[in-house]
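Participant: First the structure, then my questions, so here it is.
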Amino acid sequence: MSISGFWVIGYGSLIFKPPPHYVIKVTGSITGFIRRFWQSSSDHRGTPESPGRVVTLVPLEDLQNNPKFHDDLSLYELKSKTRSEFSSASRSFSETDFIPVVHEISHLTPQHLKVWGVAYYIPPEHATEVREYLDVREQDGYTLHQVDFVVDQVVESGIHSHVIDNLRRNGQGNITIDSAIYIGTIDNGSFVGPEALHDTAEVIAQSVGPSGRNIDYLSGLTHAVRSLQVDGEAADLYLEDLLATAEELTSKTNP
Ligand code: BEZ
């Protein structure tokens, strides 16, 4: 049986800790999801006695069908920020920086909910090994799905650029990749959301697991997401707010 190569999306730790044996890396986005630190982690950034928090994605359909998510959407995705503020050096923001973009959750379309990340191509000769590696690394409630990843920039491709040349383009002419993605769906046992931002920040500020401090994961991810796009479109208000809150709590605990 011949095994083909595959693409895998990183929207969490895979952004700053790539899988082994990848030969192409691209930046870009998926639509129709929000990214939240609502997956409990007892094997990476916490312990069974004191679980930390890691990211998962919640799809538009679940958001629309469950009123419990609506307040959180109103805080972040139902608002947008001016580009110039996003790319300012300070990155501090106030309520007045926000402009409402959509008022009705029922009117949201996938295009309103964009999550920036990266995608890696794993060649056929390493496909089985890397899939097994990811299945182990990302256990704790995550399941494998397929979604379209829209490419913004090809970061590394080396001698494998022919793989890029053969990819399809969407209606807007952007390269689009049918990619694997790990998601902790809202019915998995480790899903804790919706959780107030301050509560999540408190858990993150105090959690440590076999992979290190929870706050280092949040900080690494937030900085990596900022750098995905030069004009700041990739900046994620939820991550920025969460990191600022968790850092403040950490500095109070360790002055
Ligand atoms: C990631 O994108 O890094 C990721 C997030 C959740 C599960 C697996 C991978």
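A note on labels: chains of the structure tokens are A, B, ... as shown, every chain counts residues from 1, and ligands are counted from 1 in their shown order.
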Using backbone DSSP assignments, extract all alpha helix (DSSP H) residues from segment 87-234 of chain A; output them as a VMD selection string.
Facilitator: chain A and resid 127 to 137 161 to 165 197 to 206 214 to 226
Participant: Enumerate, in order of chain and increasing residue number, the residues of chain A with an atom no farther than 10 Å from ligand 1, each with its shortest atom pair and distance in Å to one decimal, counting only C-alpha atoms and all ligand atoms, as a Markdown table.
Facilitator:
```
| residue | atom | partner | partner_atom_place_in_ligand_line | distance |
| --- | --- | --- | --- | --- |
| A:Val8 | CA | ligand 1 | 2 (O) | 8.5 |
| A:Ile9 | CA | ligand 1 | 2 (O) | 6.0 |
| A:Gly10 | CA | ligand 1 | 2 (O) | 3.2 |
| A:Tyr11 | CA | ligand 1 | 2 (O) | 3.5 |
| A:Gly12 | CA | ligand 1 | 3 (O) | 3.3 |
| A:Ser13 | CA | ligand 1 | 3 (O) | 3.8 |
| A:Leu14 | CA | ligand 1 | 3 (O) | 3.4 |
| A:Ile15 | CA | ligand 1 | 3 (O) | 5.9 |
| A:Phe16 | CA | ligand 1 | 3 (O) | 8.1 |
| A:Lys17 | CA | ligand 1 | 3 (O) | 7.7 |
| A:Pro18 | CA | ligand 1 | 3 (O) | 8.2 |
| A:Pro19 | CA | ligand 1 | 3 (O) | 9.2 |
| A:Arg35 | CA | ligand 1 | 5 (C) | 9.6 |
| A:Gln39 | CA | ligand 1 | 6 (C) | 8.8 |
| A:Val54 | CA | ligand 1 | 6 (C) | 7.5 |
| A:Val55 | CA | ligand 1 | 6 (C) | 6.0 |
| A:Thr56 | CA | ligand 1 | 6 (C) | 5.6 |
| A:Leu57 | CA | ligand 1 | 6 (C) | 8.1 |
| A:Gly117 | CA | ligand 1 | 2 (O) | 7.6 |
| A:Val118 | CA | ligand 1 | 2 (O) | 8.2 |
| A:Ala119 | CA | ligand 1 | 2 (O) | 9.0 |
| A:Leu134 | CA | ligand 1 | 8 (C) | 7.4 |
| A:Asp135 | CA | ligand 1 | 8 (C) | 8.5 |
| A:Val136 | CA | ligand 1 | 8 (C) | 9.9 |
| A:Arg137 | CA | ligand 1 | 8 (C) | 7.6 |
| A:Glu138 | CA | ligand 1 | 8 (C) | 4.9 |
| A:Gln139 | CA | ligand 1 | 7 (C) | 8.0 |
| A:Asp140 | CA | ligand 1 | 7 (C) | 9.1 |
| A:Gly141 | CA | ligand 1 | 7 (C) | 8.9 |
| A:Tyr142 | CA | ligand 1 | 7 (C) | 6.1 |
| A:Thr143 | CA | ligand 1 | 7 (C) | 8.2 |
| A:Leu144 | CA | ligand 1 | 8 (C) | 8.8 |
| A:Ala180 | CA | ligand 1 | 9 (C) | 10.0 |
| A:Ile181 | CA | ligand 1 | 9 (C) | 7.0 |
| A:Tyr182 | CA | ligand 1 | 7 (C) | 4.6 |
| A:Ile183 | CA | ligand 1 | 7 (C) | 5.8 |
| A:Gly184 | CA | ligand 1 | 6 (C) | 7.1 |
| A:Leu221 | CA | ligand 1 | 3 (O) | 9.0 |
```
Participant: Here is a test: counting only C-alpha atoms, which residue of A:Ala244, A:Tyr121, A:Thr253, A:Ser41 is nearest to Gly158 of chain A?
Facilitator: A:Tyr121
Participant: List the spatial neighbours of Phe33 of chain A as a list of chain:residue names - criterion: any atom at most 12 Å away, only C-alpha atoms, same-chain residues fewer than 6 positions off excluded.
Facilitator: A:Tyr11, A:Thr56, A:Leu57, A:Val58, A:Pro59, A:Leu60, A:Glu61, A:Asp62, A:Leu63, A:Gln64, A:Leu73, A:Glu77, A:Leu108, A:Thr109, A:Pro110, A:Gln111, A:His112, A:Leu113, A:Lys114, A:Val115, A:Trp116, A:Val147, A:Asp148, A:Ile183, A:Thr185
Participant: Write out as an NGL selection string all residues of segment 136-172 of chain A that backbone DSSP assigns to strand (DSSP E).
Facilitator: :A and (143-156 or 168-169)
Participant: Could you state the separation of atom CA of Glu240 of chain A and atom CA of Thr222 of chain A in Å, given to one decimal place?
Facilitator: 6.6 Å
Participant: Hey, which of A:Val163, A:Val208, A:Ala201, A:Leu75 ends up closest to Glu248 of chain A? Count only C-alpha atoms.
Facilitator: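 Looking only at the distances to Glu248 of chain A, the closest residue turns out to be A:Ala201.
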